[in-house]
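A short worksheet on the structure shown next.
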Amino acid sequence: NEPDLLNVHEEMPSIGPAENVIIETLISELKELVDQLNNVKETATAEGRRIRNEKEPSPNSSPLDKLRQQKTKIKDVEGVNMYNQTEPVGQTEMEKFVAYAEKRTKEALARTDEVQEIFKGVLVYFGEDPAMTSKDFFGTLNKFVAAFDATLEIVKRLEAMKLAEEKKAAAKRAKEKAKKAVKVIVSKNAAEVETQVVSKQEEVDKTSKSSELKEQSTNAREQ
């Protein structure tokens, strides 16, 4: 009665690819990336400090030279400070990269936390152990959908065979009914023909007998 309920694979098209995405591994890799990024940050900060110290204006610099070496922040682009390009940039390219990568990794970690909470809710909804891994869950779900689709195909084939047998039986019954109807019609027509033949024969007999009587009467008068 509800054919839409049979389209399970269409309702969950992403469970196949999701089986290969292990949330726990992804989080572990992100945390490892954060640790590596912190090491890079320390190196980049030390290198940037060294470069800036080398560019510090000497006490004998003119006021204009000192002004030119002052950095002026003009905008923030995705968490990275951008400075007036006519003036020396306070951060090195590596420091800018670290700031950008740090912002992105923090966003990714926040999203993975959100995904974990959603996934736990899904496990509870399906009555599974909240400690179940995403690979095990989506693997089980994927196997269920595959088995469901395979069973559905078998049921469809059985229903098609049943329908074909019913049509064949109906055609056979119709053929037998037609044969019986033909026999009845033939029998009826035969009876009618026989009646007509008998009637005609009776008329012929009456005519013949009448002729004989007339002939006998004529002969009697002649004698």
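Convention: chains lettered A, B, ... in structure tokens order; per-chain residue numbering from 1; ligands numbered from 1 as shown.
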
Interface rows for range 83-177 of chain A against range 181-185 of chain A: nearest pair, Å to one decimal, 12 Å, only C-alpha atoms, as a tab-separated table:
residue	atom	partner	partner_atom	distance
A:Ala174	CA	A:Ala181	CA	10.4
A:Lys175	CA	A:Ala181	CA	9.8
A:Glu176	CA	A:Ala181	CA	8.6
A:Lys177	CA	A:Ala181	CA	6.2

Open item on the list: With only C-alpha atoms as the counted atoms, please give the residues lying no more than 8 Å from Thr112 in chain A, apart from itself and same-chain residues fewer than 4 positions off, as a ChimeraX atom specification.
Closed with: /A:23,27,108,116

Convert the current residue selection to file output with all heavy atoms, as a PDB file, in the first residue's frame.
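Saved result, result-v3.pdb, follows:
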ATOM      1  N   ILE A  23      34.808   8.505  11.347  1.00  0.00           N
ATOM      2  CA  ILE A  23      34.825   9.759  12.104  1.00  0.00           C
ATOM      3  C   ILE A  23      35.950   9.762  13.126  1.00  0.00           C
ATOM      4  O   ILE A  23      36.656  10.761  13.289  1.00  0.00           O
ATOM      5  CB  ILE A  23      33.468   9.972  12.802  1.00  0.00           C
ATOM      6  CG1 ILE A  23      32.352  10.095  11.751  1.00  0.00           C
ATOM      7  CG2 ILE A  23      33.501  11.224  13.676  1.00  0.00           C
ATOM      8  CD1 ILE A  23      30.966  10.223  12.347  1.00  0.00           C
ATOM      9  N   ILE A  27      38.976  12.530  13.311  1.00  0.00           N
ATOM     10  CA  ILE A  27      39.236  13.382  14.472  1.00  0.00           C
ATOM     11  C   ILE A  27      40.676  13.213  14.949  1.00  0.00           C
ATOM     12  O   ILE A  27      41.362  14.193  15.273  1.00  0.00           O
ATOM     13  CB  ILE A  27      38.251  13.050  15.610  1.00  0.00           C
ATOM     14  CG1 ILE A  27      36.822  13.438  15.190  1.00  0.00           C
ATOM     15  CG2 ILE A  27      38.629  13.785  16.893  1.00  0.00           C
ATOM     16  CD1 ILE A  27      35.769  13.006  16.176  1.00  0.00           C
ATOM     17  N   ALA A 108      37.357  23.039  11.544  1.00  0.00           N
ATOM     18  CA  ALA A 108      37.148  21.626  11.226  1.00  0.00           C
ATOM     19  C   ALA A 108      36.896  20.806  12.487  1.00  0.00           C
ATOM     20  O   ALA A 108      36.017  19.934  12.519  1.00  0.00           O
ATOM     21  CB  ALA A 108      38.363  21.074  10.473  1.00  0.00           C
ATOM     22  N   GLN A 116      29.921  14.431  15.610  1.00  0.00           N
ATOM     23  CA  GLN A 116      29.902  13.379  16.621  1.00  0.00           C
ATOM     24  C   GLN A 116      28.592  13.377  17.400  1.00  0.00           C
ATOM     25  O   GLN A 116      28.009  12.322  17.663  1.00  0.00           O
ATOM     26  CB  GLN A 116      31.075  13.557  17.587  1.00  0.00           C
ATOM     27  CG  GLN A 116      32.362  12.874  17.143  1.00  0.00           C
ATOM     28  CD  GLN A 116      33.402  12.876  18.231  1.00  0.00           C
ATOM     29  OE1 GLN A 116      33.675  13.898  18.847  1.00  0.00           O
ATOM     30  NE2 GLN A 116      34.004  11.731  18.481  1.00  0.00           N
TER      31      GLN A 116
END

TODO: Could you check how far CA of Phe119 in chain A sits from CA of Pro17 in chain A, in Å to one decimal?
DONE: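 Those two atoms sit 15.5 Å apart.
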